[in-house]
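Engineer: Structure below; questions to follow.
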Amino acid sequence: MKKYIAFVGDSYCATYEWDIPIVKMHQYRVNFPAYPSITARHYQYNIAPYGFGGRSWWYSWSKFWKKWEHKLDQIAAIVFTHTHKTRINSATTPEFPLMPNYAPSLSTADMIKANQHYFKYIHDPDFQAWTQENYFKLLKERFEQPNPNAAKWPNGKFWSKT
Amino acid sequence: MQPNGQTVNSGPRHKMTSLIGFIGDSFCASYGLGDWRAHGSQTRQKGTDTITYTNRVIRHFNHAICPYGFEGASWWHSRERFIQDFDWRSKEYNEFLALIFLHTEHSRINCLNNNDLPKLGHSGLDPGGTVEQQQAVAAHYRHLYDDKFHCWAQEQWFREIHRRFSHLKTIHLHCFPDTVPLSHLLPGCVYTTPLIHISVGELSGTEIEISKQLSRDTRYNHMSQYNNQVLADVIIDAIDNYTPGTYKLPMEKFNRPNANAENFPHGTYWNK
């Protein structure tokens with residue numbers, strides 16, 4: 001079965017060529033070469049596209065994890081583009097603006113006001129930094145392989161002791 | 001020795017230490033005379049008797065209190081005040097005889113910027129703040145509050161407690177039922193009986209009457225003087241005979257005339 005390469009992050013991995021079946025809100029499809037598609041073609045993988053422009057790490061990660069948590073054996077590699085910690089960690093609705101001074105076109109006036117109020121009164125940079133740091137710890141725990149040479153099996157030095 | 005291989009303070013070590021920390025929300029925001037920390041979200045008991053359990057515990061050990069319980073506060077708010085104070089002063093956490101954590105709901109606003117905001121996120125309290133601040137909090141819950149994220153964040157706090165404080169005596173009390181399933185992440189003595197079941201157990205009336213009493217609570221730490229004493233005895237025993245593990249509170253010792261209290265918040269917890 002053809003495996004997947006996942007891209008998880010923000011707009012730095014939100015643009016794909018015509019090799020993904022659908023584009024969701026905050027994703028883009030182009031006719032010129034885009035590195036996620038080029039990489040997938042190189043390895044002959046399908047793309048699992050979880051890059052979303054203007055979204056937070058929680059938005060992209062939670063959507064990826066919800067779909068793939070129990071199917072990780074189908075994933076050959078995950079490419080993360082880690083976005084800025086200030087973005088609002090919410091995946092409630094794709095229309096809600098998660099960045100300061102930028103709103104998706106479908107955001108309502110009430111959503112834009114809520115975003116402005118959030119950054120004025122509620123946003124705590126230390127909390128945002130702390131949660132992102134813990135997200136990185138989670139990734140390390142979940143995906144770090146005890147044997148860093150495992151990917152070289154069977155044609156390279158796949159052992160960890162000589 | 002704990003299961004994770006780390007040693008803890010035991011036996012007479014507390015004679016050398018000087019501090020007992022309470023970190024949490026209004027369930028540990030009332031202190032005795034002399035323990036007062038000038039903060040609007042904390043209460044000092046009236047009179048000189050030892051009424052609050054916090055006061056009784058520190059009097060028993062003759063130690064100083066580090067009061068980081070704040071009314072309506074989120075876990076992040078209390079954590080930040082506690083950790084920033086001690087990291088900033090470069091004090092070693094080994095000064096503590098014990099840390100007593102009162103774990104609150106994950107849904108409160110995780111913000112340290114504004115002392116009023118934690119209260120604003122708590123529907124039962126007089127919100128205070130400006131109209132615009134109240135609108136900000138209402139919009140927060142209407143549009144962007146992501147329950148899964150805030151549950152995940154509190155889980156990371158529990159993991160951090162394990163990483164940073166396993167070498168100390170830690171006592172954990174859950175204020176509400178929603179954090180109980182995460183008990184396995186915590187080091188030390190973890191009591192899985194929510195304190196709200198003691199608090200509601202003291203109250204009588206209809207659902208609306210009980211809700212009003214809770215939101216305008218005049219009891220210290222949401223408990224009667226008698227139940228403050230019982231809880232103090234539990235904590236003192238846990239510190240003196242420190243054995244990490246998961247325990248139930250001895251509910252038969254608390255005075256709880258409302259037999260429906262343990263149905264809170266999802267069942268019939270009123271008795272009229």
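Just remember, in the structure tokens the first chain shown is A, the second B, etc., residues are 1-based per chain, and ligands are 1-based in the order shown.
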Out of range 18-214 of chain B, which residues get strand (DSSP E or B) from DSSP, as an NGL selection string?
Structural biologist: :B and (19-24 or 30-31 or 43-44 or 64-69 or 96-103 or 170-174 or 189-191)
Engineer: Counting only C-alpha atoms, a student should be able to say which residues of chain B come within 12 Å of chain A; what is the right answer, written as number ranges by chain?
Structural biologist: B: 74-77, 79-80, 84, 108-118, 120-121, 129-160
Engineer: Mind pulling up the distance from CA of Leu19 in chain B to CA of Arg59 in chain B?
Structural biologist: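 If I compute the distance from CA of Arg59 in chain B to CA of Leu19 in chain B, I get 11.5 Å.
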Engineer: Just want the 12 Å neighbourhood of range 149-157 of chain A, counted on only C-alpha atoms, with same-chain residues fewer than 4 positions away dropped. Output as a list in words.
Structural biologist: Ala76, Ala77, Glu144, Gln145, Lys161 and Thr162 of chain A
Engineer: Kindly export the residues of the current selection with C-alpha atoms, as an mmCIF file, in the first residue's frame.
Structural biologist:
data_model
loop_
_atom_site.group_PDB
_atom_site.id
_atom_site.type_symbol
_atom_site.label_atom_id
_atom_site.label_comp_id
_atom_site.auth_asym_id
_atom_site.auth_seq_id
_atom_site.Cartn_x
_atom_site.Cartn_y
_atom_site.Cartn_z
ATOM 1 C CA ALA A 76 6.170 7.169 6.332
ATOM 2 C CA ALA A 77 7.263 10.655 7.443
ATOM 3 C CA GLU A 144 11.653 9.907 18.809
ATOM 4 C CA GLN A 145 13.100 6.554 17.963
ATOM 5 C CA LYS A 161 26.040 -0.109 18.928
ATOM 6 C CA THR A 162 29.253 -1.307 17.365
#
Engineer: Counting only C-alpha atoms, which residue out of A:His42, A:Lys140, A:His84, A:Asp73 sits closest to Ser56 in chain A?
Structural biologist: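 Selected residue with least distance to Ser56 in chain A: A:His84.
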Engineer: Can you list, as an mmCIF file with C-alpha atoms, in the first residue's frame, every protein, DNA or RNA residue that comes within 9 Å of Val234 in chain B when you count only C-alpha atoms, leaving out same-chain residues fewer than 5 positions away?
Structural biologist:
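File produced: part_22.cif:
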data_model
loop_
_atom_site.group_PDB
_atom_site.id
_atom_site.type_symbol
_atom_site.label_atom_id
_atom_site.label_comp_id
_atom_site.auth_asym_id
_atom_site.auth_seq_id
_atom_site.Cartn_x
_atom_site.Cartn_y
_atom_site.Cartn_z
ATOM 1 C CA GLN B 229 -10.610 20.833 60.724
ATOM 2 C CA ILE B 239 2.490 14.746 55.415
ATOM 3 C CA LEU B 249 -11.062 11.239 51.357
ATOM 4 C CA PRO B 250 -12.653 9.792 54.523
#
Engineer: For Gln213 in chain B, list every protein, DNA or RNA residue within 12 Å, evaluated using only C-alpha atoms, and leave out those in the same chain fewer than 3 positions away; present the list as a VMD selection string.
Structural biologist: chain B and resid 124 to 125 199 to 200 202 to 210 216 to 219 222 to 223 270
Engineer: Once DSSP has gone over the backbone, tell me which residues of chain A are in alpha helix (DSSP H), as an MDAnalysis selection string.
Structural biologist: chainID A and resid 35:43 57:68 109:117 125:143
Engineer: Which residue gives the smallest distance to Arg81 in chain B among B:Pro265, B:Pro67, B:Gly32, B:Pro187, with only C-alpha atoms counted?
Structural biologist: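 For Arg81 in chain B, the nearest of the given residues is B:Pro67.
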Engineer: Figure out the distance between CA of Val190 in chain B and CA of Thr246 in chain B, please, to one decimal in Å.
Structural biologist: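 Between CA of Thr246 in chain B and CA of Val190 in chain B the gap is 4.8 Å.
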Engineer: Kindly give the distance, in Å, that separates CA of Gly53 in chain A and CA of Lys24 in chain A, rounded to a single decimal.
Structural biologist: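 The value is 10.5 Å.
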Engineer: Give me the residues near Pro194 in chain B as a ChimeraX atom specification, where near means some atom within 12 Å (using only C-alpha atoms) and where sequence neighbours in that chain fewer than 3 positions away do not count.
Structural biologist: /B:27,102-105,172-181,183,190-191,197-201,247-251,261-265
Engineer: Tell me which of B:Thr43, B:Thr243, B:Thr52, B:Asn271 sits closest to Gln225 in chain B, counting only C-alpha atoms.
Structural biologist: B:Thr52
Engineer: Within 10 Å of Tyr28 in chain A, counting only C-alpha atoms, which residues show up once you throw out same-chain ones fewer than 4 positions away? Write them as a VMD selection string, please.
Structural biologist: chain A and resid 11 13 to 18 22 to 24 51 to 53
Engineer: Take the residues from that selection and put them in a file with C-alpha atoms, as a short mmCIF file (atom, residue, chain, number, x, y, z; two decimals), in the first residue's frame.
Structural biologist:
data_model
loop_
_atom_site.label_atom_id
_atom_site.label_comp_id
_atom_site.auth_asym_id
_atom_site.auth_seq_id
_atom_site.Cartn_x
_atom_site.Cartn_y
_atom_site.Cartn_z
CA SER A 11 1.12 28.56 5.49
CA CYS A 13 3.27 24.03 4.08
CA ALA A 14 -0.26 24.97 3.02
CA THR A 15 0.34 25.13 -0.74
CA TYR A 16 0.07 21.93 -2.78
CA GLU A 17 -0.11 20.95 -6.39
CA TRP A 18 -3.02 18.99 -7.87
CA ILE A 22 -9.41 18.41 -1.94
CA VAL A 23 -8.16 21.63 -0.42
CA LYS A 24 -9.76 22.72 2.81
CA GLY A 51 -0.68 22.86 6.61
CA PHE A 52 -3.17 25.67 7.15
CA GLY A 53 -2.41 29.32 6.40
#
Engineer: Please determine, counting only C-alpha atoms, which residue among A:Leu72, A:Ala109, A:Leu139, A:Val8 has the shortest atom-to-atom distance to Trp57 in chain A.
Structural biologist: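 Answer, going by the shortest atom-to-atom distance: A:Val8.
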